[in-house]
Each structure stands twice: as C-alpha cells, then as structure tokens.
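start_38.tsv (TSV, C-alpha atoms) appears below.
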```tsv
chain	number	residue	atom	x	y	z
A	16	MET	CA	-1.86	-180.83	51.55
A	17	LYS	CA	-4.10	-179.08	49.06
A	18	THR	CA	-6.25	-176.18	50.18
A	19	TYR	CA	-9.59	-175.32	48.58
A	20	LYS	CA	-11.69	-172.36	47.50
A	21	ALA	CA	-14.57	-173.49	49.74
A	22	TYR	CA	-15.41	-176.00	52.45
A	23	LEU	CA	-18.46	-177.96	53.51
A	24	ILE	CA	-18.25	-178.55	57.24
A	25	ASP	CA	-19.90	-181.07	59.56
A	26	LEU	CA	-20.87	-179.91	63.05
A	27	ASP	CA	-20.95	-182.48	65.86
A	28	GLY	CA	-17.57	-184.17	66.17
A	29	THR	CA	-15.96	-181.61	63.90
A	30	LEU	CA	-16.65	-178.20	65.46
A	31	TYR	CA	-18.07	-179.34	68.79
A	32	LYS	CA	-18.88	-182.36	70.92
A	33	GLY	CA	-22.31	-182.01	72.47
A	34	ASN	CA	-22.13	-178.58	74.09
A	35	GLU	CA	-18.35	-178.24	74.12
A	36	VAL	CA	-16.38	-176.59	71.33
A	37	ILE	CA	-13.49	-178.64	69.96
A	38	PRO	CA	-10.13	-176.87	70.43
A	39	GLY	CA	-9.13	-174.99	67.29
A	40	ALA	CA	-12.61	-174.99	65.74
A	41	ALA	CA	-13.45	-171.36	66.48
A	42	ASP	CA	-10.06	-170.19	65.22
A	43	PHE	CA	-10.51	-172.22	62.04
A	44	ILE	CA	-13.82	-170.57	61.22
A	45	LYS	CA	-12.38	-167.17	62.12
A	46	GLY	CA	-9.57	-167.90	59.68
A	47	LEU	CA	-11.98	-168.79	56.89
A	48	ASN	CA	-13.83	-165.54	57.46
A	49	THR	CA	-10.60	-163.54	57.60
A	50	TYR	CA	-9.48	-164.94	54.24
A	51	ASP	CA	-12.98	-164.70	52.72
A	52	ILE	CA	-13.14	-168.44	52.07
A	53	PRO	CA	-16.76	-169.54	51.51
A	54	HIS	CA	-18.00	-172.33	53.76
A	55	LEU	CA	-21.27	-174.02	54.63
A	56	TYR	CA	-22.28	-175.98	57.70
A	57	VAL	CA	-23.92	-179.19	56.47
A	58	THR	CA	-25.94	-181.08	59.07
A	59	ASN	CA	-28.29	-184.04	59.15
A	60	ASN	CA	-30.10	-182.55	62.14
A	61	SER	CA	-33.60	-181.84	60.86
A	62	THR	CA	-34.90	-180.60	64.22
A	63	LYS	CA	-33.15	-177.22	64.11
A	64	SER	CA	-33.57	-174.18	61.87
A	65	PRO	CA	-30.51	-172.36	60.50
A	66	GLU	CA	-31.10	-169.71	63.14
A	67	ASP	CA	-31.02	-172.37	65.87
A	68	VAL	CA	-27.74	-173.74	64.52
A	69	VAL	CA	-26.20	-170.26	64.43
A	70	GLN	CA	-27.33	-169.56	67.97
A	71	LYS	CA	-25.53	-172.66	69.24
A	72	LEU	CA	-22.36	-171.90	67.27
A	73	THR	CA	-22.33	-168.27	68.39
A	74	ALA	CA	-22.65	-169.32	72.03
A	75	MET	CA	-19.48	-171.38	71.51
A	76	GLY	CA	-17.59	-168.45	70.02
A	77	ILE	CA	-17.92	-169.72	66.44
A	78	GLN	CA	-18.87	-167.09	63.87
A	79	ALA	CA	-21.76	-168.15	61.61
A	80	GLN	CA	-24.67	-166.82	59.59
A	81	PRO	CA	-28.02	-168.56	58.86
A	82	SER	CA	-27.23	-168.34	55.14
A	83	GLU	CA	-24.23	-170.60	55.77
A	84	VAL	CA	-26.33	-173.47	57.17
A	85	VAL	CA	-27.68	-176.38	55.11
A	86	THR	CA	-29.85	-178.86	57.02
A	87	SER	CA	-31.40	-182.14	55.92
A	88	ALA	CA	-34.79	-180.51	56.51
A	89	MET	CA	-34.01	-177.73	54.03
A	90	ALA	CA	-32.74	-180.22	51.45
A	91	THR	CA	-35.85	-182.34	51.94
A	92	ALA	CA	-38.12	-179.36	51.36
A	93	ASP	CA	-36.20	-178.45	48.19
A	94	TYR	CA	-36.39	-182.03	46.93
A	95	ILE	CA	-40.16	-182.28	47.37
A	96	SER	CA	-40.82	-178.78	46.06
A	97	ALA	CA	-38.93	-179.59	42.88
A	98	GLU	CA	-41.00	-182.73	42.35
A	99	LYS	CA	-44.41	-181.36	43.35
A	100	PRO	CA	-44.61	-177.67	44.38
A	101	ASP	CA	-48.14	-178.01	45.81
A	102	ALA	CA	-47.54	-181.28	47.66
A	103	THR	CA	-49.40	-182.32	50.80
A	104	ILE	CA	-47.33	-184.02	53.48
A	105	TYR	CA	-47.79	-186.14	56.56
A	106	MET	CA	-44.77	-185.34	58.70
A	107	ILE	CA	-43.04	-186.90	61.66
A	108	GLY	CA	-40.44	-184.49	63.00
A	109	ASP	CA	-39.70	-181.30	64.90
A	110	THR	CA	-40.17	-177.59	64.23
A	111	GLY	CA	-37.05	-177.34	62.05
A	112	LEU	CA	-38.56	-179.75	59.54
A	113	ARG	CA	-42.03	-178.25	59.67
A	114	THR	CA	-40.67	-174.74	59.09
A	115	ALA	CA	-38.51	-175.87	56.17
A	116	LEU	CA	-41.47	-177.55	54.48
A	117	THR	CA	-43.97	-174.73	54.98
A	118	ASP	CA	-41.43	-172.08	53.96
A	119	LYS	CA	-41.37	-173.80	50.55
A	120	GLY	CA	-45.16	-173.52	50.30
A	121	LEU	CA	-45.77	-177.20	51.04
A	122	THR	CA	-48.82	-178.22	53.09
A	123	VAL	CA	-48.35	-180.30	56.23
A	124	LYS	CA	-51.50	-182.24	57.15
A	125	ASP	CA	-52.49	-184.56	59.99
A	126	ASP	CA	-54.00	-186.94	57.45
A	127	ILE	CA	-53.05	-190.23	55.81
A	128	HIS	CA	-54.37	-189.09	52.41
A	129	VAL	CA	-51.32	-187.10	51.29
A	130	ASP	CA	-48.74	-186.97	48.50
A	131	TYR	CA	-45.70	-187.54	50.74
A	132	VAL	CA	-44.73	-188.99	54.08
A	133	VAL	CA	-41.65	-187.29	55.54
A	134	ILE	CA	-39.85	-188.58	58.62
A	135	GLY	CA	-37.31	-186.58	60.58
A	136	LEU	CA	-36.01	-187.01	64.11
A	137	ASP	CA	-38.85	-186.64	66.61
A	138	ASP	CA	-38.22	-187.05	70.35
A	139	GLN	CA	-42.00	-187.01	70.86
A	140	ILE	CA	-42.52	-190.04	68.62
A	141	THR	CA	-45.65	-192.11	69.30
A	142	TYR	CA	-47.19	-195.31	68.03
A	143	GLU	CA	-50.02	-193.23	66.54
A	144	LYS	CA	-47.61	-191.14	64.46
A	145	LEU	CA	-45.85	-194.24	63.13
A	146	THR	CA	-49.22	-195.85	62.37
A	147	LYS	CA	-50.40	-192.87	60.33
A	148	ALA	CA	-47.14	-192.72	58.42
A	149	THR	CA	-47.33	-196.43	57.64
A	150	LEU	CA	-50.91	-196.24	56.44
A	151	ALA	CA	-50.18	-193.21	54.27
A	152	VAL	CA	-47.27	-195.00	52.59
A	153	GLN	CA	-49.41	-198.09	52.08
A	154	GLN	CA	-51.97	-195.90	50.35
A	155	GLY	CA	-49.40	-194.62	47.88
A	156	ALA	CA	-47.73	-191.60	49.47
A	157	THR	CA	-44.10	-191.12	48.42
A	158	PHE	CA	-41.85	-192.02	51.35
A	159	ILE	CA	-39.04	-189.59	52.25
A	160	SER	CA	-36.67	-189.61	55.23
A	161	THR	CA	-34.40	-186.71	56.12
A	162	ASN	CA	-31.47	-188.98	57.02
A	163	LYS	CA	-30.53	-192.58	57.77
A	164	ASP	CA	-28.42	-192.08	60.94
A	165	PRO	CA	-29.30	-195.10	63.12
A	166	SER	CA	-28.21	-193.39	66.33
A	167	ILE	CA	-27.24	-190.00	67.71
A	168	PRO	CA	-24.55	-189.35	70.32
A	169	LYS	CA	-25.81	-187.80	73.55
A	170	GLU	CA	-24.44	-187.38	77.04
A	171	GLN	CA	-26.16	-190.63	78.11
A	172	GLY	CA	-24.77	-192.61	75.17
A	173	PHE	CA	-25.96	-193.40	71.65
A	174	LEU	CA	-29.73	-192.86	71.39
A	175	PRO	CA	-32.12	-193.90	68.57
A	176	GLY	CA	-31.59	-191.75	65.49
A	177	ASN	CA	-33.88	-190.93	62.60
A	178	GLY	CA	-32.82	-194.03	60.69
A	179	SER	CA	-34.18	-196.14	63.52
A	180	LEU	CA	-37.54	-194.34	63.47
A	181	THR	CA	-37.69	-194.59	59.69
A	182	SER	CA	-37.03	-198.34	59.81
A	183	VAL	CA	-40.29	-198.93	61.69
A	184	VAL	CA	-42.32	-197.54	58.79
A	185	THR	CA	-40.07	-199.26	56.23
A	186	VAL	CA	-40.63	-202.66	57.80
A	187	SER	CA	-44.35	-202.10	58.37
A	188	SER	CA	-45.16	-200.70	54.92
A	189	LYS	CA	-42.60	-202.81	53.02
A	190	VAL	CA	-41.54	-199.61	51.22
A	191	ALA	CA	-38.02	-198.19	51.36
A	192	PRO	CA	-37.73	-194.39	51.59
A	193	THR	CA	-35.63	-191.94	49.66
A	194	PHE	CA	-33.04	-190.54	52.07
A	195	ILE	CA	-31.98	-186.90	51.67
A	196	GLY	CA	-29.23	-186.16	54.21
A	197	LYS	CA	-25.57	-187.18	54.31
A	198	PRO	CA	-24.21	-189.38	52.78
A	199	GLU	CA	-26.84	-189.05	50.03
A	200	ILE	CA	-26.64	-186.77	47.01
A	201	PRO	CA	-29.56	-184.31	47.57
A	202	ILE	CA	-28.17	-182.45	50.59
A	203	MET	CA	-24.71	-182.24	49.03
A	204	GLN	CA	-26.09	-181.03	45.73
A	205	LYS	CA	-27.99	-178.28	47.53
A	206	ALA	CA	-24.75	-177.16	49.20
A	207	LEU	CA	-22.82	-177.18	45.92
A	208	ASP	CA	-25.60	-175.26	44.19
A	209	ILE	CA	-25.22	-172.53	46.81
A	210	LEU	CA	-21.44	-172.32	46.38
A	211	GLN	CA	-21.50	-172.30	42.56
A	212	LEU	CA	-17.94	-173.63	42.30
A	213	GLU	CA	-16.28	-176.49	40.49
A	214	LYS	CA	-16.24	-179.72	42.48
A	215	SER	CA	-12.44	-179.74	42.40
A	216	ASP	CA	-12.46	-176.48	44.36
A	217	VAL	CA	-14.57	-177.80	47.26
A	218	ALA	CA	-13.80	-180.22	50.09
A	219	MET	CA	-16.02	-181.87	52.69
A	220	ILE	CA	-14.75	-181.82	56.30
A	221	GLY	CA	-16.07	-184.25	58.89
A	222	ASP	CA	-15.32	-186.80	61.57
A	223	LEU	CA	-17.68	-189.66	60.73
A	224	TYR	CA	-16.70	-191.78	57.75
A	225	ASP	CA	-20.10	-193.31	56.97
A	226	THR	CA	-21.90	-189.97	56.73
A	227	ASP	CA	-19.48	-187.05	56.32
A	228	ILE	CA	-16.70	-188.64	54.31
A	229	MET	CA	-19.02	-190.82	52.23
A	230	SER	CA	-21.14	-187.77	51.41
A	231	GLY	CA	-18.12	-186.16	49.79
A	232	ILE	CA	-17.12	-189.34	48.01
A	233	ASN	CA	-20.67	-189.87	46.69
A	234	ILE	CA	-20.91	-186.35	45.24
A	235	GLY	CA	-17.37	-186.49	43.82
A	236	ILE	CA	-15.45	-183.98	45.93
A	237	ASP	CA	-12.32	-184.32	48.07
A	238	THR	CA	-12.73	-185.17	51.73
A	239	ILE	CA	-10.89	-184.17	54.90
A	240	HIS	CA	-11.32	-186.46	57.87
A	241	VAL	CA	-10.74	-184.86	61.28
A	242	GLN	CA	-9.66	-187.12	64.12
A	243	THR	CA	-11.77	-185.30	66.72
A	244	GLY	CA	-14.95	-187.35	66.62
A	245	VAL	CA	-16.26	-190.86	66.04
A	246	THR	CA	-14.12	-192.43	63.30
A	247	THR	CA	-10.45	-192.95	64.08
A	248	GLU	CA	-7.65	-192.27	61.62
A	249	ALA	CA	-6.92	-196.01	61.34
A	250	GLU	CA	-10.56	-196.81	60.63
A	251	ALA	CA	-10.92	-194.06	58.03
A	252	MET	CA	-7.73	-194.80	56.15
A	253	SER	CA	-8.42	-198.55	56.04
A	254	LYS	CA	-11.65	-198.11	54.05
A	255	ASN	CA	-11.84	-199.23	50.42
A	256	VAL	CA	-12.17	-195.55	49.51
A	257	PRO	CA	-10.31	-193.59	52.19
A	258	PRO	CA	-10.67	-189.84	52.72
A	259	THR	CA	-8.38	-187.62	50.67
A	260	TYR	CA	-6.73	-186.50	53.91
A	261	SER	CA	-6.96	-187.37	57.61
A	262	ILE	CA	-5.78	-184.67	60.02
A	263	LYS	CA	-5.49	-184.37	63.78
A	264	ASP	CA	-7.77	-181.33	64.00
A	265	LEU	CA	-8.79	-178.15	62.21
A	266	THR	CA	-5.71	-176.29	63.40
A	267	VAL	CA	-3.70	-178.38	60.94
A	268	LEU	CA	-5.88	-177.25	58.04
A	269	LEU	CA	-5.85	-173.61	59.16
A	270	ASN	CA	-2.05	-173.65	59.19
A	271	GLU	CA	-2.03	-175.03	55.64
A	272	ILE	CA	-4.40	-172.28	54.52
A	273	LYS	CA	-2.19	-169.63	56.14
A	274	LYS	CA	0.85	-170.97	54.26
A	275	GLY	CA	-0.91	-170.29	50.97
A	276	LYS	CA	-1.78	-166.71	51.80
```
How does this structure look as structure tokens?
Amino acid sequence: MKTYKAYLIDLDGTLYKGNEVIPGAADFIKGLNTYDIPHLYVTNNSTKSPEDVVQKLTAMGIQAQPSEVVTSAMATADYISAEKPDATIYMIGDTGLRTALTDKGLTVKDDIHVDYVVIGLDDQITYEKLTKATLAVQQGATFISTNKDPSIPKEQGFLPGNGSLTSVVTVSSKVAPTFIGKPEIPIMQKALDILQLEKSDVAMIGDLYDTDIMSGINIGIDTIHVQTGVTTEAEAMSKNVPPTYSIKDLTVLLNEIKKGK
C-alpha cells in the first residue's frame, strides 16, 4: 500500500461516529503529527467554524489546529469572493456559514435583492426563509449551496440534510445551484491549494463513497476508503470507479506509514 506526503481526512464515520471517537483515529492523527505529515480535515458541515471542529476533536483526544480545517462554508466564501469580492448575499444557514462569508468581506442581507443566495444546513429553517431564497433566485441572484448531502446521520436516524433543504428552492425557482462541498471540485481545490503539493502526493480518506471517495476521484487524487462508517467494503469496491484502497480502519494506514519511516 502506497503512503503519501499529505492526507485529506473526512470526519464523521472516519475519525468519529456522532460523539464517539473511532478506535485508532486519535493514534493515527498523533502519528501524522509525530512524522510531520501534513493533513487537513475536510468537512461538508457548514454550521461549524474551524474552532468549533477543533474543540470537538480535542475533546475526543484528537490533536488538531483550526488551520487544518476546511469546511464547505469556507470554500463557499472563497468561491463567491473570487467571483465578486463585494457581493451581497441572502443566506440560509448557521453561524459557521455566516462567519465564513463575513470574514471574506461579503455582505449578508435579509433582502431578496442580492447578488447571491447561499444555502447551508439550518436547523431553524422556516417557510419564510425558503420563500425569500426562492424569490431572490427568481429575480436573478446566483444560487449556491454548500453541499448536496440529502441526509445527515444523527442518534435518532438519518435527518434531512442540506441537499434536502436546497431542493425546495431548486424545485420552486426552477434553478439548479452550484454545489461547493464534497464531492464537488471547489472544496477539494481549496484544500489542495493549502497543501501546495502534487496531486500524486495526496490522498483523500473517508468512509462514504458518494461524498468522500468521489471527491478524491473528481479532483484526480488517490482515495482510501475506511470501513468504519456508512459505505461497506463490498459496496465501495463494486463501484465503476472503486477507491484506490479500502482498509479496515486507520490503524492499518498508520502501520503502513510506520513501515516507511
């Protein structure tokens, strides 16, 4: 099994499940830090800031820094800022998304006369919010969604994800959005821009084929499927484009890295 100069790492299903750390995850990250191997945590969760992500990881005994976190909210803010640095935005989402947008100097307004509509996961979603977003898109605002995940795993089961919320505005406005998060290119490009390495030197690690593994395939890097989350080994390896590797857990990869040192 090949080892790499850097890794992009999914969170839920890869390092933890809900509020429980997956066995071997903390040791894997400790190993990466010990061997000075760059790594970034790449997440579609637009509700949390990098500091929030680090706080959760630290509480689980996983070493992390805010500079190592790439969220779909951050990638969305970068994407819009590159297109229109002084853009006005009608936003559906949580504080993580709002902070990412305003930190880039973008203006969030409670108004349907804006340059962009941005939708991220919002557990306080209302009919009024969806109505304003729909009207703004109908009036010509560029439609952006942080990620297309149709559901999110919670203790109760699979709950509506941001893709489900986004679909309401898509159907109502008859306009399809540009998605930013995994498995799309923008969030992965942001991560690679941070690393500044050749694609052949970077691998994406994750449990879910449709988001994590496809994000690596779409950007053209190797992929490592871990059998600790949603997608089984049989499911992953039966795809038309399977992951480069499928491993039981991160302990397997850490042992391979140790062999090369």
For the point (-14.5, -186.3, 62.7) in file coordinates, what residues are within 7 Å, counting all atoms listed in the file? Give the answer as a PDB file with C-alpha atoms, in the frame of the given file?
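Below is the file result-v1.pdb, written as the result:
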```pdb
ATOM      1  CA  GLY A  28     -17.570-184.170  66.170  1.00  0.00           C
ATOM      2  CA  THR A  29     -15.960-181.610  63.900  1.00  0.00           C
ATOM      3  CA  GLY A 221     -16.070-184.250  58.890  1.00  0.00           C
ATOM      4  CA  ASP A 222     -15.320-186.800  61.570  1.00  0.00           C
ATOM      5  CA  LEU A 223     -17.680-189.660  60.730  1.00  0.00           C
ATOM      6  CA  HIS A 240     -11.320-186.460  57.870  1.00  0.00           C
ATOM      7  CA  VAL A 241     -10.740-184.860  61.280  1.00  0.00           C
ATOM      8  CA  GLN A 242      -9.660-187.120  64.120  1.00  0.00           C
ATOM      9  CA  THR A 243     -11.770-185.300  66.720  1.00  0.00           C
ATOM     10  CA  GLY A 244     -14.950-187.350  66.620  1.00  0.00           C
ATOM     11  CA  VAL A 245     -16.260-190.860  66.040  1.00  0.00           C
ATOM     12  CA  THR A 246     -14.120-192.430  63.300  1.00  0.00           C
TER      13      THR A 246
END
```
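Proximity to segment 65-70 of chain A at 7 Å, evaluated using all atoms listed in the file and with sequence-adjacent residues fewer than 3 positions away removed, yields Thr73, Ala74, Ala79, Gln80, Pro81 and Val84 of chain A.
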Same residues, C-alpha atoms, saved as an mmCIF file, in the coordinates of the input:
```
data_model
loop_
_atom_site.group_PDB
_atom_site.id
_atom_site.type_symbol
_atom_site.label_atom_id
_atom_site.label_comp_id
_atom_site.auth_asym_id
_atom_site.auth_seq_id
_atom_site.Cartn_x
_atom_site.Cartn_y
_atom_site.Cartn_z
ATOM 1 C CA THR A 73 -22.330 -168.270 68.390
ATOM 2 C CA ALA A 74 -22.650 -169.320 72.030
ATOM 3 C CA ALA A 79 -21.760 -168.150 61.610
ATOM 4 C CA GLN A 80 -24.670 -166.820 59.590
ATOM 5 C CA PRO A 81 -28.020 -168.560 58.860
ATOM 6 C CA VAL A 84 -26.330 -173.470 57.170
#
```
List every protein, DNA or RNA residue that has an atom no more than 6 Å from (-16.2, -174.0, 52.2) in the file's coordinate frame, counting all atoms listed in the file, and report them as a list in words.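 Here is the list of nearby residues: Ala21, Tyr22, Leu23, Pro53, His54 and Leu55 of chain A.
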Skipping near chain neighbours, those fewer than 6 positions away, what residues fall within 9 Å of Asp93 of chain A using all atoms listed in the file, listed as a PDB file with C-alpha atoms, in the coordinates of the input?
```pdb
ATOM      1  CA  ALA A 115     -38.510-175.870  56.170  1.00  0.00           C
ATOM      2  CA  LEU A 116     -41.470-177.550  54.480  1.00  0.00           C
ATOM      3  CA  LYS A 119     -41.370-173.800  50.550  1.00  0.00           C
ATOM      4  CA  PRO A 201     -29.560-184.310  47.570  1.00  0.00           C
ATOM      5  CA  LYS A 205     -27.990-178.280  47.530  1.00  0.00           C
TER       6      LYS A 205
END
```
Which residue, A:Glu199, A:Asp208, A:Asp216, A:Asp42, has the smallest gap to Gly231 of chain A when you use only C-alpha atoms?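 Closest residue, counting only C-alpha atoms: A:Glu199.
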List the neighbours of Met16 of chain A out to 10 Å using all atoms listed in the file; skip same-chain residues closer than 5 positions along the sequence, and give me the result as a list in words.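 My list of contacting residues is Thr259, Tyr260, Val267, Leu268, Glu271 and Ile272 of chain A.
Proximity to Pro258 of chain A was assessed for A:Tyr50, A:Phe194, A:Tyr224, A:Phe158 counting only C-alpha atoms; the smallest distance is recorded for A:Tyr224.
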Interface rows for segment 171-206 of chain A against segment 142-153 of chain A: nearest pair, Å to one decimal, 8 Å, all atoms listed in the file, as CSV:
```
residue,atom,partner,partner_atom,distance
A:Val183,CA,A:Leu145,CA,7.4
A:Val184,CA,A:Thr149,CA,5.3
A:Thr185,CA,A:Thr149,CA,7.9
A:Ser187,CA,A:Thr149,CA,6.4
A:Ser188,CA,A:Thr149,CA,5.5
A:Val190,CA,A:Val152,CA,7.5
```
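Going from atom CA of Thr86 of chain A to atom CA of Ser61 of chain A covers 6.1 Å.
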Could you list, as a count of residues only, every residue within 6 Å of segment 135-141 of chain A, counting only C-alpha atoms and ignoring same-chain residues fewer than 2 positions away? 7
I'd like the neighbourhood of Gly235 of chain A as a PyMOL selection string, where a residue qualifies if any of its atoms comes within 12 Å (using all atoms listed in the file), though same-chain residues fewer than 6 positions away should be ignored. chain A and resi 198-200+203-204+207+213-219+228-229+256+258-259
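Proximity to Ser96 of chain A was assessed for A:Val133, A:Leu121, A:Ile37, A:Ile262 counting all atoms listed in the file; the smallest distance is recorded for A:Leu121.
Residue nearest Ala206 of chain A, chosen from A:Ser179, A:Ser87, A:Thr18, A:Asn60 and counting all atoms listed in the file: A:Ser87.
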Mind giving me the straight-line distance from atom CA of Leu212 of chain A to atom CA of Val85 of chain A in Å, one decimal?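 Distance reported for this atom pair: 16.3 Å.
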Could you tell me how far atom CA of Thr114 of chain A lies from atom CA of Thr91 of chain A, in Å and to one decimal?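 Answer for the atom CA of Thr114 of chain A to atom CA of Thr91 of chain A separation: 11.5 Å.
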Find the residue from A:Leu269, A:Lys197, A:Gly275, A:Ser160 that sits nearest to Gly39 of chain A; use only C-alpha atoms when measuring. A:Leu269
Find the residue from A:Glu83, A:Tyr56, A:Ile24, A:Asn34 that sits nearest to Lys169 of chain A; use only C-alpha atoms when measuring.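 Among the listed residues, A:Asn34 lies closest to Lys169 of chain A.
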